[in-house]
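Heads up, the thing below is written out as structure tokens.
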Amino acid sequence: MNIAIILIILLGGAIFTYLSGNRFASKVAILFSVAAAVFSVALYLKYGAAGATYHVDWISNPNISFSLKADGLAIAMVLLTTILLPLIILASLNREFKNEKLLYSLIMFMAFAMTGAFLSSDALLYYVFWEMSLIPIYFIIVLWGNGEIAKRRKAAMTFFLFTFAGSLFMMAAIIYMYVKTGSFQLEAFYNANLTQTEQIWIFLAFFLAYAIKIPIFPFHTWQANVYQKAPAVGTMLLAGIMSKMGAYSVIRWQLPTTPYASQEFRTVVLILCIIGVIYGAIMALRQDDLKRFLAYASLSHVGFVAAGAYALTYDALEGAVILILAHGFGIVAMFYSADVIHNRTNTLKISELGGLKTYAPKFTVAFFLSILSSIGIPLTFNFIGEFAIMYGLFQVSPWYALAVGTSLFLGALFMLRMFQDTMLGEPAKNLFRDLSKTELTVFSFLIIILVFFGVYVKPVTDLVSSSLEEIVMYINR
Amino acid sequence: MSTLIAISGLGIICLLLEIFNLRKILIPVTLIGLIAILGMTITEYYLGEPFIAADKYNMIVPTGFSQAFSILFIVLAILIVLMSPKFYQEKFAKIADYVSLKIFMLAGAVAMLSFGNFAMFFIGLEVLSIAAYVLAGSDPKNLRSNEAGMKYFIMGAFASSFILFGIALVYGATGSFDIATIAAVSSLQAGTLPVWFSIGFVMIGVGMMFKASIVPFHFWAPDVYEGSPTIVTAIMSTLVKVAAIGALFKLITILFVAVTPTYQTILVILSILTMSVGNITAMKQRNIKRMMAYSGISHAGFMMMTYLAVGSSANAVLYYAAAYGLAGVAAFAVIMGVCRGKDNEDISLFFGLRKRQPFMTVIFTCALLSLSGIPIFSGFFAKFFVFDQMLHTNHLTLVIFGIINSVIAVFYYLGVANVMITKESETNEPLRFPFEYKAVAVIAILLNILLGIFPNIIMGLEL
């Protein structure tokens, strides 16, 4: 089975969605995204952790090839992308947008670019996909975002400039590696003989790109604004998949390439991550806008993921991957809840909400379950990830584990408080329609995934373990 | 040789058609002629031997480099000529002059790249420049066009005299105008060359940098670009600029002996200055043509990086020139369409273009994204290949400044894309866009994307 087919499906989806016109755009997009999901599941069933590669020469001088590598880790990320994609499209199905064909086509294109970034094993190809994913989300924010157009434009511009600046330094590092090793291949990068100084500079160049994308404190300043201004689909894509692209790239590209510098900078980066975890939690407590609240909650959680990745132990890495997946599904459920509330009440101010439970029992249950998963209650997907990360951090130093642990408490505090303020209390004045069938489908899918893997995580660990073992081997060389 | 003769012949045919009062068939004849010449040049490149053997004085010596650049020039010229009839609609009586001058510019550009003798180089340069001076002032009733023509002429003539003096000094040092002899003599006597060899080289360099509008010789560019008729601005910022960049690249390969470490340092500094001054000034512009002028200056800074690695970066400079030229033509096609019938090119004309002309908004956005270097558009690979060359030759500083400048550039390019999408325009009635402009913009962007998806088309060439 040729793994490039998944990229063709997604790209074809983008093109056909645009051509199909406004009326059928969403249906065509769903069709293609489901096809991609089915294909990636087939990919998983066929190759599993063993993995497959695909290689075609692209540019002769400098030597760049179109090479893909679908090992366990990459397949896990592709599964995340392609399963979330139809759900995200389904979630926006009964919302009205202007020029739907363009919107859905951009969504498909973005999924194409992100899948490409997850799969590529040629550094320049990876960079091209990485950069390409930026264009659609920029236009999604500008064209379909919320709020005043001038502020929206500013938020989108800040986001674009931040991430673009970061990734250009990554490009310089990639070219430097090419000059050093004569190849853009992942293996060549892993086996490059870099001096300690070189490693430090390359580590920092990569770090800038990833710290902005994930985001890690203090590179997070773009995030809350963008999440607030972006339309619900955009936020789901950004928080659910795109920020995971950064975390994945840390594990895939940064750590094994610069093992010495990773060890050297571990303390600093871990402290930044932990500051982010706690800072995000505290900021979330103070937000009144539901989307900003979720943005800071997300900052706290991805800080957790990054801490797991940069802890450099096997358990923490495994936890990071699990939490990437769990947070991806969980945050989409959370933002979708926010979108449901916004859609019905036309407000996202927590202070104006309250008592929605009375009218919408189904929604209340769905929302509550997503919150429980997000807090990391045992038997949810997040719990396993967080637990593994804590265990890994404990091996580095108990203090890190302790510091991160406080965020679990804070997380429960701000999430449950938000739930109280929005759903419980005096019955709301206006009627609140309960979930429609489509909405219920999306929620049930997400919650089933979150709970199923919370109970039985073995398929995930089996899938990623061999890739992670290889990466840990390179880190500890 | 055959390319140059054919292009010059075509220019003369243009003038003859005017005499015989056949203006109606002028544009088709020119286009067919140019396409035939394009085909001939491509065949000649792949056959590897010229159709017309070199003259015994080696005035014109086509190489892979010069032929590949000629092909690019011809493509750009075809696109520009395609837009001419619409642009000169109201002055149709004089169209033969306008078109033939553009063809002569093309001839000059080809001569500037395929010369084998400095005399030929200078003739090419002057044919190109004089045609450009005339075209810059070709809207005589417009004050700004007059200013542009005058300014360009005076400063350009000054720069030409620098080049001529430089050529004379190089002749004095080596005793020849022939480039092969000069290269041989200067590398043989590298240590004992008289000092005026270096002086001559510096003077040629200064003159060419003026033509390519490299800081600090760039002051003419914004005024001239703004004042000239837009189609002339399009040809100046694409064809003339890449011709000057390519010619200076070739000159540096010939006179490589004079490229001392000090000279390299100066090139590094000028490149950084050119990129930064161009970009930072572009951010403040309200006139779209001035903005394109400054953005062109910054791109010249990127292209001149390749002068530090002339041995290996011929493909990179050609690729950059192609990517920049095609994106530039597409952008100018849209600018011409939007500013048609207006007496200025203020950025406010672009407000709300999305509602008035959605398709061209997409094309213009693509052109701007390519200019700012975003993947799948060839602008990204252009920058990437140049950075690659720079890191291979240990010029990390340049790469870092290049990166910072790319970020600045994104700011104003996307700024224009932003106002097209988000701001409200005064009227909401659809903007009628001439078919020719649409076609040219689409062709240019498609070629640009094609180069982005298959960079090997240029990077695989043997130059």
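We name chains A, B, ... following the order of the structure tokens; residues begin at 1 in each chain, and ligands are numbered from 1 as shown.
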
(request) Return as a VMD selection string the full set of residues in stretch 91-282 of chain B whose backbone-based DSSP assignment is helix (DSSP H, G or I). (result) chain B and resid 91 to 114 118 to 136 143 to 174 179 to 188 190 to 192 195 to 211 220 to 227 230 to 254 256 to 258 261 to 282

Proximity of chain A to chain B: per-residue shortest pair, 7 Å limit, only C-alpha atoms, as JSON lines:
{"residue": "A:Ile59", "atom": "CA", "partner": "B:Asn456", "partner_atom": "CA", "distance": 5.2}
{"residue": "A:Ser60", "atom": "CA", "partner": "B:Gly460", "partner_atom": "CA", "distance": 6.3}
{"residue": "A:Asn61", "atom": "CA", "partner": "B:Met459", "partner_atom": "CA", "distance": 6.2}
{"residue": "A:Val128", "atom": "CA", "partner": "B:Pro375", "partner_atom": "CA", "distance": 5.5}
{"residue": "A:Glu131", "atom": "CA", "partner": "B:Pro375", "partner_atom": "CA", "distance": 6.4}
{"residue": "A:Met132", "atom": "CA", "partner": "B:Pro375", "partner_atom": "CA", "distance": 5.8}
{"residue": "A:Ile149", "atom": "CA", "partner": "B:Thr422", "partner_atom": "CA", "distance": 6.6}
{"residue": "A:Leu161", "atom": "CA", "partner": "B:Val407", "partner_atom": "CA", "distance": 6.5}
{"residue": "A:Phe164", "atom": "CA", "partner": "B:Val407", "partner_atom": "CA", "distance": 6.9}
{"residue": "A:Ala165", "atom": "CA", "partner": "B:Val407", "partner_atom": "CA", "distance": 5.7}
{"residue": "A:Leu168", "atom": "CA", "partner": "B:Ile403", "partner_atom": "CA", "distance": 6.1}
{"residue": "A:Ile175", "atom": "CA", "partner": "B:Asp388", "partner_atom": "CA", "distance": 5.9}
{"residue": "A:Tyr176", "atom": "CA", "partner": "B:Leu391", "partner_atom": "CA", "distance": 6.4}
{"residue": "A:Val179", "atom": "CA", "partner": "B:His392", "partner_atom": "CA", "distance": 5.9}

The selected residues should be written to file as a PDB file, in the first residue's frame (atoms: N, CA, C and O atoms).
ATOM      1  N   ILE A  59      14.230  17.011  -6.298  1.00  0.00           N
ATOM      2  CA  ILE A  59      15.134  18.026  -6.834  1.00  0.00           C
ATOM      3  C   ILE A  59      16.538  17.444  -6.786  1.00  0.00           C
ATOM      4  O   ILE A  59      16.925  16.842  -5.786  1.00  0.00           O
ATOM      5  N   SER A  60      17.277  17.614  -7.899  1.00  0.00           N
ATOM      6  CA  SER A  60      18.567  16.935  -7.943  1.00  0.00           C
ATOM      7  C   SER A  60      19.657  17.746  -7.255  1.00  0.00           C
ATOM      8  O   SER A  60      20.541  17.194  -6.618  1.00  0.00           O
ATOM      9  N   ASN A  61      19.572  19.063  -7.379  1.00  0.00           N
ATOM     10  CA  ASN A  61      20.640  19.875  -6.803  1.00  0.00           C
ATOM     11  C   ASN A  61      20.034  21.122  -6.173  1.00  0.00           C
ATOM     12  O   ASN A  61      19.502  21.950  -6.884  1.00  0.00           O
ATOM     13  N   VAL A 128       8.469  22.364   3.941  1.00  0.00           N
ATOM     14  CA  VAL A 128       7.500  22.887   2.971  1.00  0.00           C
ATOM     15  C   VAL A 128       6.079  22.652   3.463  1.00  0.00           C
ATOM     16  O   VAL A 128       5.238  23.557   3.469  1.00  0.00           O
ATOM     17  N   GLU A 131       5.222  24.850   6.497  1.00  0.00           N
ATOM     18  CA  GLU A 131       4.964  26.244   6.166  1.00  0.00           C
ATOM     19  C   GLU A 131       3.646  26.378   5.410  1.00  0.00           C
ATOM     20  O   GLU A 131       2.913  27.341   5.591  1.00  0.00           O
ATOM     21  N   MET A 132       3.367  25.378   4.588  1.00  0.00           N
ATOM     22  CA  MET A 132       2.156  25.423   3.775  1.00  0.00           C
ATOM     23  C   MET A 132       0.902  25.408   4.635  1.00  0.00           C
ATOM     24  O   MET A 132      -0.116  25.981   4.279  1.00  0.00           O
ATOM     25  N   ILE A 149     -13.336  43.246  12.434  1.00  0.00           N
ATOM     26  CA  ILE A 149     -12.442  42.769  11.389  1.00  0.00           C
ATOM     27  C   ILE A 149     -11.016  43.280  11.608  1.00  0.00           C
ATOM     28  O   ILE A 149     -10.046  42.570  11.363  1.00  0.00           O
ATOM     29  N   LEU A 161       3.134  36.209  11.585  1.00  0.00           N
ATOM     30  CA  LEU A 161       4.508  36.701  11.675  1.00  0.00           C
ATOM     31  C   LEU A 161       5.297  35.907  12.713  1.00  0.00           C
ATOM     32  O   LEU A 161       6.445  35.542  12.473  1.00  0.00           O
ATOM     33  N   PHE A 164       5.924  32.374  11.326  1.00  0.00           N
ATOM     34  CA  PHE A 164       6.780  32.441  10.139  1.00  0.00           C
ATOM     35  C   PHE A 164       8.212  32.754  10.547  1.00  0.00           C
ATOM     36  O   PHE A 164       9.154  32.130  10.063  1.00  0.00           O
ATOM     37  N   ALA A 165       8.369  33.705  11.453  1.00  0.00           N
ATOM     38  CA  ALA A 165       9.709  34.065  11.908  1.00  0.00           C
ATOM     39  C   ALA A 165      10.381  32.856  12.543  1.00  0.00           C
ATOM     40  O   ALA A 165      11.535  32.537  12.237  1.00  0.00           O
ATOM     41  N   LEU A 168      11.402  30.232   9.960  1.00  0.00           N
ATOM     42  CA  LEU A 168      12.521  30.575   9.071  1.00  0.00           C
ATOM     43  C   LEU A 168      13.849  30.238   9.726  1.00  0.00           C
ATOM     44  O   LEU A 168      14.787  29.805   9.061  1.00  0.00           O
ATOM     45  N   ILE A 175      19.076  23.938   6.588  1.00  0.00           N
ATOM     46  CA  ILE A 175      20.082  24.076   5.525  1.00  0.00           C
ATOM     47  C   ILE A 175      21.474  23.844   6.098  1.00  0.00           C
ATOM     48  O   ILE A 175      22.328  23.216   5.471  1.00  0.00           O
ATOM     49  N   TYR A 176      21.697  24.339   7.312  1.00  0.00           N
ATOM     50  CA  TYR A 176      23.007  24.132   7.932  1.00  0.00           C
ATOM     51  C   TYR A 176      23.296  22.640   8.069  1.00  0.00           C
ATOM     52  O   TYR A 176      24.401  22.175   7.770  1.00  0.00           O
ATOM     53  N   VAL A 179      24.255  21.284   4.734  1.00  0.00           N
ATOM     54  CA  VAL A 179      25.637  21.594   4.372  1.00  0.00           C
ATOM     55  C   VAL A 179      26.582  20.672   5.119  1.00  0.00           C
ATOM     56  O   VAL A 179      27.585  20.203   4.594  1.00  0.00           O
TER      57      VAL A 179
END

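The smallest atom-to-atom distance between B:Leu169 and any of B:Val195, B:Val224, B:Met209, B:Ala183, using only C-alpha atoms, is found for B:Val195.
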
(message) To test your reading of the structure, identify every residue in stretch 21-206 of chain A that backbone DSSP assigns to strand (DSSP E or B), and report it as a VMD selection string.
(response) chain A and resid 52 to 59 64 to 70 120 122 185

(message) Need the shell around A:Pro218: protein/DNA/RNA residues with any atom at most 10 Å away, counting only C-alpha atoms. Skip same-chain ones fewer than 6 positions apart. Format as a list in words?
(response)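 Non-adjacent residues within range: Ala211, Ile212, Leu272, Cys273, Ile275, Gly276 and Tyr279 of chain A.
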
Output file for the residues above (all heavy atoms, as an mmCIF file, in the first residue's frame):
data_model
loop_
_atom_site.group_PDB
_atom_site.id
_atom_site.type_symbol
_atom_site.label_atom_id
_atom_site.label_comp_id
_atom_site.auth_asym_id
_atom_site.auth_seq_id
_atom_site.Cartn_x
_atom_site.Cartn_y
_atom_site.Cartn_z
ATOM 1 N N ALA A 211 8.597 26.242 19.893
ATOM 2 C CA ALA A 211 8.064 26.895 21.085
ATOM 3 C C ALA A 211 6.956 27.870 20.704
ATOM 4 O O ALA A 211 6.003 28.055 21.456
ATOM 5 C CB ALA A 211 9.177 27.627 21.820
ATOM 6 N N ILE A 212 7.081 28.473 19.511
ATOM 7 C CA ILE A 212 6.015 29.374 19.084
ATOM 8 C C ILE A 212 4.796 28.574 18.665
ATOM 9 O O ILE A 212 3.668 28.943 18.946
ATOM 10 C CB ILE A 212 6.506 30.273 17.940
ATOM 11 C CG1 ILE A 212 7.570 31.236 18.452
ATOM 12 C CG2 ILE A 212 5.355 31.051 17.341
ATOM 13 C CD1 ILE A 212 8.289 32.001 17.385
ATOM 14 N N LEU A 272 10.626 26.403 31.757
ATOM 15 C CA LEU A 272 9.711 27.204 30.923
ATOM 16 C C LEU A 272 8.382 26.479 30.756
ATOM 17 O O LEU A 272 7.308 27.075 30.869
ATOM 18 C CB LEU A 272 10.331 27.471 29.554
ATOM 19 C CG LEU A 272 11.443 28.504 29.486
ATOM 20 C CD1 LEU A 272 11.904 28.683 28.054
ATOM 21 C CD2 LEU A 272 10.969 29.833 30.047
ATOM 22 N N CYS A 273 8.454 25.180 30.478
ATOM 23 C CA CYS A 273 7.223 24.412 30.273
ATOM 24 C C CYS A 273 6.360 24.466 31.525
ATOM 25 O O CYS A 273 5.139 24.663 31.457
ATOM 26 C CB CYS A 273 7.531 22.957 29.946
ATOM 27 S SG CYS A 273 8.350 22.731 28.391
ATOM 28 N N ILE A 275 6.431 26.655 33.967
ATOM 29 C CA ILE A 275 5.862 27.996 34.137
ATOM 30 C C ILE A 275 4.617 28.123 33.269
ATOM 31 O O ILE A 275 3.579 28.615 33.709
ATOM 32 C CB ILE A 275 6.889 29.091 33.749
ATOM 33 C CG1 ILE A 275 8.038 29.119 34.747
ATOM 34 C CG2 ILE A 275 6.222 30.457 33.707
ATOM 35 C CD1 ILE A 275 9.128 30.092 34.382
ATOM 36 N N GLY A 276 4.730 27.620 32.016
ATOM 37 C CA GLY A 276 3.583 27.683 31.114
ATOM 38 C C GLY A 276 2.383 26.939 31.673
ATOM 39 O O GLY A 276 1.260 27.430 31.619
ATOM 40 N N TYR A 279 1.156 29.042 34.668
ATOM 41 C CA TYR A 279 0.698 30.353 34.195
ATOM 42 C C TYR A 279 -0.619 30.217 33.437
ATOM 43 O O TYR A 279 -1.561 30.967 33.667
ATOM 44 C CB TYR A 279 1.789 30.942 33.293
ATOM 45 C CG TYR A 279 1.409 32.198 32.564
ATOM 46 C CD1 TYR A 279 1.497 33.432 33.185
ATOM 47 C CD2 TYR A 279 0.970 32.150 31.239
ATOM 48 C CE1 TYR A 279 1.159 34.580 32.521
ATOM 49 C CE2 TYR A 279 0.622 33.292 30.563
ATOM 50 C CZ TYR A 279 0.723 34.504 31.203
ATOM 51 O OH TYR A 279 0.378 35.641 30.529
#

(message) Report, in Å to a single decimal, how far apart atom CA of B:His299 and atom CA of B:Met283 are.
(response)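 So the answer is 14.3 Å.
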
B:Leu135 environment, 8 Å, only C-alpha atoms, sequence neighbours closer than 2 positions dropped, as an mmCIF file with all heavy atoms, in the first residue's frame:
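Below is the file that was written, selection.cif:
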data_model
loop_
_atom_site.group_PDB
_atom_site.id
_atom_site.type_symbol
_atom_site.label_atom_id
_atom_site.label_comp_id
_atom_site.auth_asym_id
_atom_site.auth_seq_id
_atom_site.Cartn_x
_atom_site.Cartn_y
_atom_site.Cartn_z
ATOM 1 N N TYR B 98 5.717 51.833 -29.094
ATOM 2 C CA TYR B 98 5.809 51.245 -27.760
ATOM 3 C C TYR B 98 6.270 49.793 -27.817
ATOM 4 O O TYR B 98 7.151 49.365 -27.064
ATOM 5 C CB TYR B 98 4.448 51.321 -27.060
ATOM 6 C CG TYR B 98 3.936 52.727 -26.871
ATOM 7 C CD1 TYR B 98 2.653 53.081 -27.230
ATOM 8 C CD2 TYR B 98 4.761 53.698 -26.307
ATOM 9 C CE1 TYR B 98 2.183 54.364 -27.055
ATOM 10 C CE2 TYR B 98 4.301 54.987 -26.120
ATOM 11 C CZ TYR B 98 3.011 55.322 -26.499
ATOM 12 O OH TYR B 98 2.564 56.577 -26.321
ATOM 13 N N LEU B 101 9.915 49.363 -29.019
ATOM 14 C CA LEU B 101 10.893 49.723 -27.984
ATOM 15 C C LEU B 101 11.049 48.579 -26.981
ATOM 16 O O LEU B 101 12.152 48.296 -26.509
ATOM 17 C CB LEU B 101 10.443 50.992 -27.255
ATOM 18 C CG LEU B 101 10.782 52.294 -27.985
ATOM 19 C CD1 LEU B 101 10.147 53.472 -27.287
ATOM 20 C CD2 LEU B 101 12.278 52.472 -28.051
ATOM 21 N N ALA B 131 16.111 52.506 -24.541
ATOM 22 C CA ALA B 131 14.709 52.167 -24.740
ATOM 23 C C ALA B 131 13.931 52.385 -23.443
ATOM 24 O O ALA B 131 12.803 52.885 -23.446
ATOM 25 C CB ALA B 131 14.586 50.719 -25.194
ATOM 26 N N ALA B 132 14.563 52.037 -22.315
ATOM 27 C CA ALA B 132 13.877 52.201 -21.035
ATOM 28 C C ALA B 132 13.652 53.667 -20.708
ATOM 29 O O ALA B 132 12.596 54.047 -20.210
ATOM 30 C CB ALA B 132 14.675 51.527 -19.928
ATOM 31 N N TYR B 133 14.651 54.536 -21.015
ATOM 32 C CA TYR B 133 14.468 55.972 -20.743
ATOM 33 C C TYR B 133 13.261 56.494 -21.522
ATOM 34 O O TYR B 133 12.419 57.211 -20.991
ATOM 35 C CB TYR B 133 15.678 56.820 -21.156
ATOM 36 C CG TYR B 133 17.017 56.384 -20.597
ATOM 37 C CD1 TYR B 133 18.173 56.550 -21.347
ATOM 38 C CD2 TYR B 133 17.113 55.847 -19.328
ATOM 39 C CE1 TYR B 133 19.401 56.169 -20.856
ATOM 40 C CE2 TYR B 133 18.349 55.462 -18.835
ATOM 41 C CZ TYR B 133 19.481 55.617 -19.598
ATOM 42 O OH TYR B 133 20.691 55.234 -19.122
ATOM 43 N N GLY B 137 9.419 57.885 -20.125
ATOM 44 C CA GLY B 137 8.803 59.176 -20.390
ATOM 45 C C GLY B 137 7.751 59.112 -21.481
ATOM 46 O O GLY B 137 7.425 60.125 -22.090
ATOM 47 N N SER B 138 7.199 57.928 -21.714
ATOM 48 C CA SER B 138 6.342 57.771 -22.888
ATOM 49 C C SER B 138 4.907 58.243 -22.679
ATOM 50 O O SER B 138 4.049 57.967 -23.490
ATOM 51 C CB SER B 138 6.343 56.315 -23.348
ATOM 52 O OG SER B 138 5.722 55.523 -22.371
ATOM 53 N N GLY B 149 11.113 59.990 -16.808
ATOM 54 C CA GLY B 149 12.000 59.843 -17.945
ATOM 55 C C GLY B 149 13.273 60.638 -17.773
ATOM 56 O O GLY B 149 14.380 60.144 -17.986
ATOM 57 N N SER B 228 6.504 56.271 -14.247
ATOM 58 C CA SER B 228 6.360 55.643 -15.562
ATOM 59 C C SER B 228 4.970 55.053 -15.730
ATOM 60 O O SER B 228 4.318 54.712 -14.756
ATOM 61 C CB SER B 228 7.373 54.512 -15.701
ATOM 62 O OG SER B 228 8.651 54.969 -15.385
ATOM 63 N N VAL B 232 5.299 49.965 -18.232
ATOM 64 C CA VAL B 232 6.747 50.171 -18.284
ATOM 65 C C VAL B 232 7.363 49.833 -16.933
ATOM 66 O O VAL B 232 8.440 49.232 -16.851
ATOM 67 C CB VAL B 232 7.056 51.622 -18.691
ATOM 68 C CG1 VAL B 232 8.546 51.833 -18.756
ATOM 69 C CG2 VAL B 232 6.417 51.936 -20.017
#
